[in-house]
$ cat coords_14.cif   # mmCIF, C-alpha atoms and all ligand atoms
data_upload
loop_
_atom_site.label_atom_id
_atom_site.label_comp_id
_atom_site.auth_asym_id
_atom_site.auth_seq_id
_atom_site.Cartn_x
_atom_site.Cartn_y
_atom_site.Cartn_z
CA GLU A 1 -6.66 14.53 -18.21
CA ARG A 2 -9.72 12.28 -18.43
CA ILE A 3 -10.01 8.71 -17.24
CA ASP A 4 -12.40 6.26 -18.82
CA GLY A 5 -14.25 4.87 -15.80
CA ASP A 6 -16.39 2.48 -17.82
CA GLY A 7 -16.74 -0.78 -15.91
CA LEU A 8 -14.86 0.57 -12.89
CA VAL A 9 -16.15 1.02 -9.35
CA ALA A 10 -15.43 4.32 -7.57
CA LEU A 11 -14.87 4.08 -3.83
CA PRO A 12 -14.05 6.88 -1.41
CA GLY A 13 -10.30 6.67 -0.72
CA LEU A 14 -9.62 3.78 1.64
CA VAL A 15 -8.54 4.64 5.19
CA ASP A 16 -6.30 2.27 7.15
CA LEU A 17 -6.55 2.59 10.91
CA HIS A 18 -3.53 0.36 11.46
CA THR A 19 -0.31 0.54 9.42
CA HIS A 20 3.26 -0.08 10.50
CA LEU A 21 5.52 2.16 8.44
CA ARG A 22 8.67 1.35 10.47
CA GLU A 23 10.20 4.81 10.19
CA PRO A 24 12.05 5.91 12.22
CA GLY A 25 14.18 2.91 13.13
CA ARG A 26 13.62 0.05 10.72
CA GLU A 27 13.99 1.73 7.34
CA ASP A 28 15.37 -1.57 6.02
CA ALA A 29 11.87 -3.05 6.38
CA GLU A 30 9.77 -0.04 5.26
CA THR A 31 9.88 3.74 5.12
CA VAL A 32 7.13 6.30 5.15
CA ALA A 33 7.77 6.72 1.41
CA THR A 34 7.73 3.01 0.45
CA GLY A 35 4.75 2.30 2.71
CA SER A 36 2.90 5.30 1.27
CA ARG A 37 3.40 3.93 -2.23
CA ALA A 38 2.10 0.51 -1.15
CA ALA A 39 -0.90 2.23 0.41
CA ALA A 40 -1.77 4.28 -2.68
CA LEU A 41 -1.46 1.17 -4.86
CA GLY A 42 -3.87 -0.57 -2.49
CA GLY A 43 -6.44 2.22 -2.96
CA TYR A 44 -5.70 4.03 0.30
CA THR A 45 -5.65 7.80 0.71
CA ALA A 46 -5.02 7.83 4.45
CA VAL A 47 -3.10 5.55 6.82
CA CYS A 48 -2.67 5.72 10.58
CA ALA A 49 1.01 5.04 11.26
CA MET A 50 1.49 2.88 14.33
CA ALA A 51 3.63 4.10 17.19
CA ASN A 52 5.97 1.14 17.78
CA THR A 53 8.83 2.72 15.89
CA ASP A 54 12.38 3.22 17.19
CA PRO A 55 12.31 5.67 18.87
CA VAL A 56 8.71 5.05 19.91
CA ALA A 57 6.27 7.74 18.78
CA ASP A 58 5.64 8.99 22.30
CA THR A 59 6.54 12.67 21.86
CA ALA A 60 5.40 15.57 19.71
CA GLY A 61 8.82 15.47 18.05
CA VAL A 62 8.51 11.92 16.72
CA VAL A 63 4.90 12.22 15.55
CA GLU A 64 5.74 15.48 13.78
CA GLN A 65 8.70 13.78 12.07
CA VAL A 66 6.47 10.96 10.76
CA TRP A 67 3.78 13.44 9.72
CA ARG A 68 6.37 15.56 7.84
CA LEU A 69 7.79 12.50 6.06
CA GLY A 70 4.24 11.64 4.98
CA ARG A 71 3.75 15.12 3.53
CA GLU A 72 7.06 14.86 1.67
CA ALA A 73 6.13 11.46 0.19
CA GLY A 74 2.83 13.04 -0.84
CA LEU A 75 1.04 9.83 -1.80
CA VAL A 76 -1.27 9.33 1.14
CA ASP A 77 -2.38 11.26 4.21
CA VAL A 78 -0.10 9.84 6.92
CA ARG A 79 -1.73 10.26 10.33
CA PRO A 80 0.67 9.31 13.12
CA VAL A 81 -0.64 7.30 16.05
CA GLY A 82 0.85 8.26 19.41
CA ALA A 83 2.01 5.78 22.04
CA VAL A 84 -0.14 5.69 25.16
CA THR A 85 2.87 5.41 27.46
CA VAL A 86 6.48 6.59 27.46
CA GLY A 87 8.05 3.67 25.62
CA LEU A 88 5.65 0.99 24.48
CA ALA A 89 5.38 -0.89 27.75
CA GLY A 90 5.96 2.19 29.84
CA GLU A 91 4.71 2.95 33.31
CA ARG A 92 3.95 6.60 32.69
CA LEU A 93 1.51 8.19 30.27
CA ALA A 94 3.16 9.84 27.29
CA GLU A 95 2.45 13.52 26.64
CA LEU A 96 -0.83 12.83 24.88
CA GLY A 97 -1.89 16.47 24.90
CA ALA A 98 1.37 17.65 23.32
CA MET A 99 0.97 15.09 20.52
CA ALA A 100 -2.66 16.12 20.05
CA ASP A 101 -1.65 19.80 19.85
CA SER A 102 1.33 19.15 17.55
CA ALA A 103 1.35 19.68 13.79
CA ALA A 104 0.48 15.99 13.50
CA THR A 105 -2.83 16.57 15.39
CA VAL A 106 -2.79 13.06 16.85
CA ARG A 107 -6.19 11.66 17.81
CA ILE A 108 -5.42 7.93 18.09
CA PHE A 109 -3.16 6.60 20.85
CA SER A 110 -2.16 2.97 20.94
CA ASP A 111 -0.26 0.32 22.86
CA ASP A 112 0.09 -1.80 19.73
CA GLY A 113 2.63 -4.57 20.06
CA HIS A 114 2.41 -4.48 23.85
CA CYS A 115 -0.50 -3.75 26.10
CA VAL A 116 -1.22 -1.42 28.96
CA SER A 117 -1.46 -4.11 31.62
CA ASP A 118 -2.03 -1.70 34.50
CA PRO A 119 -5.75 -0.81 34.65
CA ARG A 120 -5.04 2.45 36.50
CA LEU A 121 -2.87 3.61 33.64
CA MET A 122 -5.50 2.64 31.06
CA ARG A 123 -8.16 4.47 33.07
CA ARG A 124 -6.06 7.63 33.14
CA ALA A 125 -5.33 7.38 29.42
CA LEU A 126 -9.06 7.10 28.70
CA GLU A 127 -9.81 10.10 30.93
CA TYR A 128 -7.09 12.10 29.22
CA VAL A 129 -8.12 11.48 25.60
CA LYS A 130 -11.79 12.05 26.39
CA ALA A 131 -10.99 15.72 26.85
CA PHE A 132 -10.09 16.21 23.17
CA ASP A 133 -12.24 13.42 21.66
CA GLY A 134 -9.26 11.17 21.10
CA VAL A 135 -9.43 7.40 21.15
CA ILE A 136 -7.34 4.63 22.65
CA ALA A 137 -6.61 1.86 20.11
CA GLN A 138 -5.95 -1.19 22.23
CA HIS A 139 -3.74 -4.05 21.00
CA ALA A 140 -5.92 -6.60 22.84
CA GLU A 141 -3.27 -8.73 24.47
CA GLU A 142 -2.87 -9.49 28.14
CA PRO A 143 0.88 -10.16 28.04
CA ARG A 144 0.86 -12.19 31.25
CA LEU A 145 -1.27 -14.76 29.40
CA THR A 146 0.86 -14.85 26.23
CA VAL A 147 4.32 -15.48 27.63
CA GLY A 148 6.21 -17.50 25.02
CA ALA A 149 3.16 -17.77 22.75
CA LEU A 150 3.89 -18.66 19.13
CA MET A 151 0.46 -19.41 17.66
CA HIS A 152 -3.22 -19.87 18.55
CA GLU A 153 -3.71 -22.16 21.55
CA GLY A 154 -5.78 -25.14 20.49
CA GLU A 155 -5.63 -28.56 18.88
CA MET A 156 -3.18 -27.40 16.23
CA SER A 157 -0.70 -25.87 18.69
CA ALA A 158 -0.81 -29.06 20.75
CA ARG A 159 -0.12 -31.12 17.66
CA LEU A 160 2.72 -28.89 16.45
CA GLY A 161 4.24 -28.51 19.88
CA LEU A 162 4.18 -24.70 19.76
CA THR A 163 3.23 -22.65 22.83
CA GLY A 164 -0.28 -21.27 22.43
CA TRP A 165 -1.79 -17.80 22.68
CA PRO A 166 -5.19 -18.52 24.20
CA ALA A 167 -8.32 -16.68 23.08
CA VAL A 168 -8.84 -15.57 26.67
CA ALA A 169 -5.62 -13.51 26.54
CA GLU A 170 -7.41 -11.31 24.00
CA GLU A 171 -10.92 -11.48 25.41
CA ALA A 172 -10.04 -10.74 29.04
CA ILE A 173 -8.35 -7.42 28.25
CA ILE A 174 -11.06 -6.35 25.81
CA ALA A 175 -13.66 -6.97 28.51
CA ARG A 176 -11.62 -5.05 31.09
CA ASP A 177 -11.08 -2.03 28.90
CA ALA A 178 -14.65 -2.01 27.57
CA LEU A 179 -15.82 -1.72 31.17
CA LEU A 180 -13.25 0.99 31.91
CA ALA A 181 -14.19 2.95 28.78
CA GLY A 182 -17.84 2.71 29.77
CA HIS A 183 -17.03 3.93 33.26
CA VAL A 184 -15.01 6.88 31.97
CA GLY A 185 -17.28 7.64 29.00
CA ALA A 186 -14.29 7.68 26.64
CA ARG A 187 -13.76 6.12 23.23
CA LEU A 188 -12.00 2.77 22.95
CA HIS A 189 -11.03 1.07 19.70
CA ILE A 190 -10.09 -2.61 19.61
CA CYS A 191 -7.30 -3.52 17.19
CA HIS A 192 -7.23 -6.72 15.13
CA VAL A 193 -10.10 -8.63 16.74
CA SER A 194 -9.44 -12.31 16.15
CA THR A 195 -11.80 -14.49 18.21
CA ALA A 196 -15.52 -15.27 18.32
CA GLY A 197 -15.51 -14.51 22.04
CA SER A 198 -14.14 -11.01 21.43
CA VAL A 199 -17.01 -10.37 19.03
CA ASP A 200 -19.51 -11.36 21.75
CA ILE A 201 -17.88 -9.01 24.27
CA ILE A 202 -17.83 -6.09 21.82
CA ARG A 203 -21.48 -6.69 20.89
CA TRP A 204 -22.39 -6.74 24.58
CA ALA A 205 -20.47 -3.52 25.27
CA LYS A 206 -22.11 -1.74 22.33
CA GLN A 207 -25.54 -2.81 23.57
CA ARG A 208 -24.69 -1.23 26.92
CA GLY A 209 -23.79 2.04 25.22
CA VAL A 210 -20.02 1.83 25.59
CA ARG A 211 -18.25 4.02 23.01
CA ILE A 212 -16.36 1.09 21.55
CA THR A 213 -15.31 0.37 17.96
CA ALA A 214 -13.37 -2.53 16.50
CA GLU A 215 -11.34 -3.55 13.48
CA VAL A 216 -10.52 -6.87 11.82
CA THR A 217 -7.65 -7.60 9.45
CA PRO A 218 -7.99 -9.20 6.01
CA HIS A 219 -5.74 -12.07 7.10
CA HIS A 220 -7.91 -12.93 10.11
CA LEU A 221 -10.91 -13.01 7.76
CA LEU A 222 -9.31 -15.49 5.35
CA LEU A 223 -6.62 -17.62 7.01
CA THR A 224 -6.68 -20.09 9.93
CA ASP A 225 -4.19 -21.71 12.28
CA VAL A 226 -3.78 -24.74 10.00
CA ARG A 227 -1.30 -22.55 8.10
CA ALA A 228 1.15 -23.06 10.96
CA GLU A 229 1.48 -26.68 9.84
CA SER A 230 3.87 -25.43 7.16
CA TYR A 231 6.11 -23.89 9.84
CA ASP A 232 6.49 -21.03 7.35
CA PRO A 233 6.97 -17.89 9.50
CA VAL A 234 5.12 -15.79 6.93
CA PHE A 235 2.01 -17.08 8.75
CA LYS A 236 3.23 -15.97 12.17
CA VAL A 237 1.30 -12.92 13.34
CA ASN A 238 -0.03 -11.28 16.51
CA PRO A 239 -2.76 -11.98 17.35
CA PRO A 240 -2.35 -15.39 15.77
CA LEU A 241 -4.44 -16.90 13.01
CA ARG A 242 -7.36 -18.61 14.76
CA THR A 243 -9.88 -21.36 13.93
CA ASN A 244 -12.51 -21.71 11.25
CA ALA A 245 -15.25 -20.96 13.79
CA ASP A 246 -13.49 -17.69 14.65
CA VAL A 247 -13.20 -16.75 10.98
CA GLU A 248 -16.93 -17.37 10.52
CA ALA A 249 -17.76 -15.21 13.55
CA LEU A 250 -15.48 -12.38 12.35
CA ARG A 251 -17.06 -12.37 8.89
CA ALA A 252 -20.58 -12.28 10.36
CA ALA A 253 -19.59 -9.49 12.78
CA LEU A 254 -18.13 -7.39 9.97
CA ARG A 255 -21.33 -7.77 7.92
CA GLU A 256 -23.46 -6.95 10.98
CA GLY A 257 -21.35 -3.92 11.91
CA VAL A 258 -20.36 -5.24 15.35
CA ILE A 259 -16.88 -4.99 13.87
CA ASP A 260 -16.82 -1.51 12.40
CA ALA A 261 -13.82 -1.50 10.10
CA VAL A 262 -11.24 -3.46 8.16
CA ALA A 263 -7.66 -2.49 9.06
CA THR A 264 -4.55 -4.06 7.59
CA ASP A 265 -2.04 -4.24 10.47
CA HIS A 266 0.45 -3.97 7.58
CA ALA A 267 3.61 -5.24 9.32
CA PRO A 268 6.64 -5.28 7.04
CA HIS A 269 9.63 -7.27 8.25
CA ALA A 270 13.15 -7.56 6.87
CA THR A 271 14.06 -10.89 5.29
CA GLU A 272 16.28 -12.01 8.17
CA ASP A 273 13.42 -11.48 10.62
CA LYS A 274 11.12 -13.76 8.61
CA GLU A 275 13.34 -16.29 6.88
CA CYS A 276 14.36 -18.10 10.03
CA GLU A 277 12.83 -20.62 12.41
CA TRP A 278 9.19 -20.05 13.40
CA ALA A 279 10.16 -19.50 17.03
CA TYR A 280 12.54 -16.64 16.19
CA ALA A 281 10.59 -14.96 13.41
CA ARG A 282 8.90 -11.64 14.08
CA PRO A 283 5.12 -11.63 13.97
CA GLY A 284 3.37 -9.70 11.23
CA MET A 285 2.21 -9.68 7.62
CA LEU A 286 2.05 -7.21 4.76
CA GLY A 287 -1.46 -5.98 4.06
CA LEU A 288 -1.82 -2.69 2.21
CA GLU A 289 -1.52 -3.91 -1.38
CA THR A 290 -3.82 -6.92 -0.97
CA ALA A 291 -6.49 -5.70 1.48
CA LEU A 292 -9.28 -4.82 -0.92
CA SER A 293 -8.70 -7.95 -3.01
CA ILE A 294 -8.82 -10.15 0.10
CA ILE A 295 -12.09 -8.53 1.17
CA LEU A 296 -13.51 -9.22 -2.30
CA GLU A 297 -12.19 -12.79 -2.15
CA THR A 298 -13.77 -13.25 1.28
CA GLY A 299 -17.09 -12.06 -0.13
CA GLY A 300 -20.31 -11.18 1.66
CA LEU A 301 -20.03 -7.37 1.49
CA SER A 302 -21.69 -5.09 -1.05
CA TRP A 303 -19.65 -2.27 -2.58
CA ASP A 304 -21.45 0.17 -0.32
CA GLU A 305 -20.61 -1.94 2.73
CA ILE A 306 -16.97 -2.07 1.58
CA ALA A 307 -16.96 1.74 1.33
CA GLU A 308 -18.44 1.87 4.83
CA ARG A 309 -16.00 -0.58 6.49
CA MET A 310 -12.84 0.43 4.62
CA SER A 311 -13.33 4.18 4.21
CA ARG A 312 -16.22 6.05 5.81
CA THR A 313 -16.22 4.41 9.24
CA PRO A 314 -12.42 4.29 9.71
CA ALA A 315 -12.27 7.95 8.64
CA ARG A 316 -14.80 8.80 11.34
CA ILE A 317 -12.92 6.78 13.97
CA ALA A 318 -9.66 8.55 13.05
CA GLY A 319 -11.32 11.99 13.09
CA LEU A 320 -10.56 12.65 9.42
CA ASP A 321 -13.05 14.91 7.70
CA THR A 322 -11.83 14.98 4.09
CA HIS A 323 -11.64 11.18 3.76
CA GLY A 324 -14.47 8.68 3.66
CA VAL A 325 -16.86 11.24 2.26
CA ASP A 326 -18.35 11.92 -1.12
CA PRO A 327 -16.62 15.09 -2.32
CA ALA A 328 -18.71 18.20 -2.74
CA PRO A 329 -19.09 19.08 -6.43
CA GLY A 330 -15.87 20.72 -7.61
CA ALA A 331 -13.99 19.95 -4.38
CA PRO A 332 -10.73 17.93 -4.49
CA ALA A 333 -11.58 14.27 -4.01
CA ASN A 334 -10.02 11.37 -2.17
CA LEU A 335 -11.10 8.32 -4.07
CA THR A 336 -10.00 5.12 -5.74
CA LEU A 337 -11.13 3.34 -8.91
CA VAL A 338 -11.34 -0.45 -8.88
CA ASP A 339 -11.61 -2.87 -11.78
CA PRO A 340 -13.91 -5.49 -10.25
CA ALA A 341 -13.48 -7.92 -13.14
CA ALA A 342 -9.68 -8.03 -13.16
CA ARG A 343 -7.75 -10.77 -11.41
CA TRP A 344 -4.08 -10.61 -10.50
CA GLN A 345 -1.51 -12.93 -9.00
CA VAL A 346 0.34 -11.85 -5.86
CA ASP A 347 4.07 -11.76 -6.56
CA PRO A 348 5.97 -10.69 -3.41
CA GLY A 349 8.82 -9.33 -5.55
CA ALA A 350 6.45 -7.04 -7.44
CA LEU A 351 5.03 -5.33 -4.35
CA ALA A 352 5.90 -1.70 -3.63
CA SER A 353 6.52 -2.45 0.03
CA ARG A 354 10.20 -2.74 0.91
CA SER A 355 9.42 -6.10 2.54
CA ARG A 356 8.21 -9.38 1.05
CA ASN A 357 6.25 -11.03 3.86
CA THR A 358 2.85 -11.43 2.24
CA PRO A 359 0.93 -14.55 3.30
CA PHE A 360 -0.95 -14.39 -0.01
CA ALA A 361 2.01 -15.06 -2.33
CA GLY A 362 0.98 -16.95 -5.46
CA MET A 363 -2.74 -16.47 -4.90
CA THR A 364 -4.83 -15.15 -7.78
CA LEU A 365 -7.15 -12.49 -6.37
CA PRO A 366 -10.10 -10.47 -7.66
CA GLY A 367 -10.12 -6.66 -8.00
CA ARG A 368 -7.39 -4.37 -9.23
CA ILE A 369 -6.79 -0.78 -8.17
CA VAL A 370 -6.66 1.21 -11.41
CA ALA A 371 -6.33 4.74 -10.05
CA THR A 372 -6.19 6.57 -6.72
CA PHE A 373 -6.61 10.30 -6.11
CA LEU A 374 -5.42 12.25 -3.08
CA ASN A 375 -6.89 15.73 -2.76
CA GLY A 376 -7.84 15.60 -6.42
CA GLU A 377 -4.36 14.68 -7.62
CA PRO A 378 -3.59 11.21 -8.98
CA THR A 379 -1.28 9.04 -6.86
CA VAL A 380 -1.93 5.93 -8.95
CA LEU A 381 -2.76 5.83 -12.66
CA ASP A 382 -3.11 2.71 -14.78
CA GLY A 383 -2.28 0.62 -11.72
CA LYS A 384 1.09 2.36 -11.26
CA ALA A 385 2.19 4.85 -8.63
CA VAL A 386 2.82 8.29 -10.16
CA LYS A 387 5.99 8.73 -8.05
O1 LIG B 401 1.83 -9.13 14.11
C1 LIG B 401 2.03 -8.03 14.59
N1 LIG B 401 3.02 -7.24 14.16
N2 LIG B 401 1.27 -7.62 15.59
C2 LIG B 401 1.54 -6.50 16.28
O2 LIG B 401 0.83 -6.22 17.19
C3 LIG B 401 2.70 -5.66 15.96
C4 LIG B 401 3.12 -5.89 14.58
C5 LIG B 401 4.49 -5.38 14.25
O3 LIG B 401 4.83 -4.28 14.65
O4 LIG B 401 5.21 -6.08 13.56
ZN ZN B 402 -1.21 -5.30 17.66
ZN ZN B 403 -0.05 -3.65 14.60
#

$ encode --input "coords_14.cif" --output "structure tokens" --more "lines below"
Ligand code: DOR
Ligand code: ZN
Ligand code: ZN
Amino acid sequence: ERIDGDGLVALPGLVDLHTHLREPGREDAETVATGSRAAALGGYTAVCAMANTDPVADTAGVVEQVWRLGREAGLVDVRPVGAVTVGLAGERLAELGAMADSAATVRIFSDDGHCVSDPRLMRRALEYVKAFDGVIAQHAEEPRLTVGALMHEGEMSARLGLTGWPAVAEEAIIARDALLAGHVGARLHICHVSTAGSVDIIRWAKQRGVRITAEVTPHHLLLTDVRAESYDPVFKVNPPLRTNADVEALRAALREGVIDAVATDHAPHATEDKECEWAYARPGMLGLETALSIILETGGLSWDEIAERMSRTPARIAGLDTHGVDPAPGAPANLTLVDPAARWQVDPGALASRSRNTPFAGMTLPGRIVATFLNGEPTVLDGKAVK
């Protein structure tokens, strides 16, 4: 079969460092299969499946289960992320080596959704993963500074009467772990950077030679805390939407390369967990099917820079060697074809994700994914998933 690529842009298959697929445990919100379809439709060929499932992905058994489900779905390379500790806020390191040696070959370990508050535990985790060139992906929240937090702490939270999540709760723990990673000589990756101050700390750490990388989400590049005025929980997310000045700093950092990658933090939630009062709603937003369009809408990146931040660099961080690269002639390719001229309107009901919590509902966005190929086989053709 031949595809007419006239007018289309070819990108190496997108790689998402941060996806919540919810299986096992919350299959009503997403499954590996439904999330894989959403990913392929968004132009992705690989996703790193976050560990805050139920049970938590803290053993070889759970990561192998997720990995196997990904193979069965066959639409995207599902790379399980392991939990750093036993249970997400655990006090013992999980069996990182067993997960690394498992069929899932885990290289990324994360505390996403919680945080390793104990610096001794973080130090030991960094020492451990250094041995097999793994990386700790840190959720960047000091939980003792976010007790009860519902949105960004600032003028808007004061006005709305919602408890704030201060920027320092993110910045303090990034600074701590950057110093620890430098001391150990291990790799540290910062998840969903959301403040200007975090950017400054990451820049400083890189200048000192710390092996630190960072990601930013599409929603933190486009939306601000004024959205909370609506009290619509679709805008509730961790870390929270910040200020305009933060958005400007994040965009500049992504262009500069201080922030290395775009990652979605795709966080599907069942209707009852989102269609309730702000205070009770779960934090998180869908991201896979809108990510590239939001990056185009945000502007400021060339196609080559988009390939760098959404494919090549995240592939390197995740230790993937067949993604984020130009295929050798004749070799099976991981790539996606984008119609840069097309615009489409986001209809939550038309998304492949099992959940509906997109903050971009009703927006008309640039860029449509026309086709995606995984290992040379189409996963999306004509804008539709092949299975
Ligand atoms: O908004 C978020 N949702 N942030 C996280 O850190 C976790 C995620 C989730 O699992 O829903
Ligand atoms: Zn997180
Ligand atoms: Zn997350």

$ residues_around --input "coords_14.cif" --residues "Phe373 of chain A" --least-positions-apart "2" --cutoff "10 Å" --atoms "only C-alpha atoms" --output "VMD selection string"
chain A and resid 12 to 13 40 43 to 45 75 to 76 332 to 337 371 375 to 381

$ closest_residue --input "coords_14.cif" --among "A:Pro329, A:Pro359, A:Leu88, A:Val258" --to "Leu223 of chain A" --atoms "all atoms listed in the file"
A:Pro359

$ residues_around --input "coords_14.cif" --residues "segment 272-282 of chain A" --least-positions-apart "2" --cutoff "7 Å" --atoms "all atoms listed in the file" --output "list in words"
Leu150, Tyr231, Asp232, Pro233, Val234, His269, Ala270 and Gly284 of chain A

$ atom_distance --input "coords_14.cif" --atom1 "atom CA of Arg120 of chain A" --atom2 "atom CA of Ser198 of chain A"
22.2 Å

$ residues_near_ligand --input "coords_14.cif" --ligand "ligand ZN 402 (chain B)" --cutoff "10 Å" --atoms "only C-alpha atoms and all ligand atoms" --output "list in words"
His18, His20, Met50, Asn52, Ser110, Asp111, Asp112, Gly113, His114, Cys115, Ala137, Gln138, His139, Ala140, Glu141, Ile190, Cys191, His192, Val193, Val237, Asn238, Pro239, Asp265, Ala267, Pro283 and Gly284 of chain A

$ residues_around --input "coords_14.cif" --residues "Ala60 of chain A" --least-positions-apart "2" --cutoff "7 Å" --atoms "all atoms listed in the file" --output "ChimeraX atom specification"
/A:62-64,98-99,102

$ closest_residue --input "coords_14.cif" --among "A:Ser117, A:Thr59, A:Gln345, A:Thr105" --to "Glu91 of chain A" --atoms "all atoms listed in the file"
A:Ser117

$ residues_around --input "coords_14.cif" --residues "segment 172-185 of chain A" --least-positions-apart "2" --cutoff "10 Å" --atoms "only C-alpha atoms" --output "JSON, numbers by chain"
{"A": [115, 116, 117, 119, 120, 122, 123, 124, 125, 126, 127, 128, 130, 136, 138, 139, 140, 141, 142, 143, 145, 167, 168, 169, 170, 187, 188, 189, 190, 191, 193, 197, 198, 199, 200, 201, 202, 204, 205, 206, 208, 209, 210, 211, 212, 213]}

$ closest_residue --input "coords_14.cif" --among "A:Ala51, A:Leu241, A:Leu21, A:Val216" --to "Gly154 of chain A" --atoms "only C-alpha atoms"
A:Leu241

$ closest_residue --input "coords_14.cif" --among "A:Ala214, A:Leu250, A:Ala261, A:Leu286" --to "ligand LIG 401 (chain B)" --atoms "only C-alpha atoms and all ligand atoms"
A:Leu286

$ decode --input "coords_14.cif" --residues "segment 230-236 of chain A" --atoms "all heavy atoms" --output "CSV table (one decimal), in the first residue's frame"
chain,number,residue,atom,x,y,z
A,230,SER,N,-13.7,29.3,36.7
A,230,SER,CA,-14.9,28.6,36.2
A,230,SER,C,-15.3,27.5,37.2
A,230,SER,O,-16.5,27.0,37.1
A,230,SER,CB,-14.6,27.9,34.9
A,230,SER,OG,-13.7,26.8,35.1
A,231,TYR,N,-14.5,27.2,38.2
A,231,TYR,CA,-14.7,26.1,39.1
A,231,TYR,C,-15.0,24.8,38.4
A,231,TYR,O,-15.7,23.9,38.9
A,231,TYR,CB,-15.8,26.4,40.1
A,231,TYR,CG,-15.5,27.4,41.2
A,231,TYR,CD1,-15.9,28.7,41.1
A,231,TYR,CD2,-14.7,27.0,42.3
A,231,TYR,CE1,-15.6,29.7,42.0
A,231,TYR,CE2,-14.3,28.0,43.2
A,231,TYR,CZ,-14.8,29.3,43.1
A,231,TYR,OH,-14.5,30.2,44.1
A,232,ASP,N,-14.6,24.7,37.1
A,232,ASP,CA,-14.8,23.4,36.3
A,232,ASP,C,-13.6,22.5,36.6
A,232,ASP,O,-12.5,22.8,36.2
A,232,ASP,CB,-14.9,23.8,34.9
A,232,ASP,CG,-15.2,22.5,34.0
A,232,ASP,OD1,-15.0,21.4,34.5
A,232,ASP,OD2,-15.6,22.7,32.8
A,233,PRO,N,-13.9,21.4,37.3
A,233,PRO,CA,-12.8,20.5,37.7
A,233,PRO,C,-11.9,19.9,36.5
A,233,PRO,O,-10.9,19.3,36.8
A,233,PRO,CB,-13.5,19.4,38.4
A,233,PRO,CG,-14.8,19.9,38.8
A,233,PRO,CD,-15.2,20.9,37.7
A,234,VAL,N,-12.4,20.1,35.3
A,234,VAL,CA,-11.5,19.7,34.2
A,234,VAL,C,-10.2,20.4,34.2
A,234,VAL,O,-9.2,19.9,33.7
A,234,VAL,CB,-12.3,19.8,32.8
A,234,VAL,CG1,-12.2,21.3,32.3
A,234,VAL,CG2,-11.8,18.8,31.8
A,235,PHE,N,-10.2,21.6,34.9
A,235,PHE,CA,-8.9,22.4,34.9
A,235,PHE,C,-8.1,22.1,36.2
A,235,PHE,O,-7.1,22.8,36.5
A,235,PHE,CB,-9.2,23.9,34.8
A,235,PHE,CG,-9.9,24.2,33.5
A,235,PHE,CD1,-11.2,24.7,33.4
A,235,PHE,CD2,-9.2,24.1,32.3
A,235,PHE,CE1,-11.8,25.0,32.2
A,235,PHE,CE2,-9.7,24.4,31.1
A,235,PHE,CZ,-11.1,24.9,31.1
A,236,LYS,N,-8.6,21.1,37.0
A,236,LYS,CA,-7.8,20.8,38.2
A,236,LYS,C,-6.8,19.7,37.8
A,236,LYS,O,-7.1,18.7,37.2
A,236,LYS,CB,-8.8,20.2,39.3
A,236,LYS,CG,-8.1,19.9,40.6
A,236,LYS,CD,-9.1,19.4,41.6
A,236,LYS,CE,-8.4,18.9,42.9
A,236,LYS,NZ,-9.4,18.5,43.9
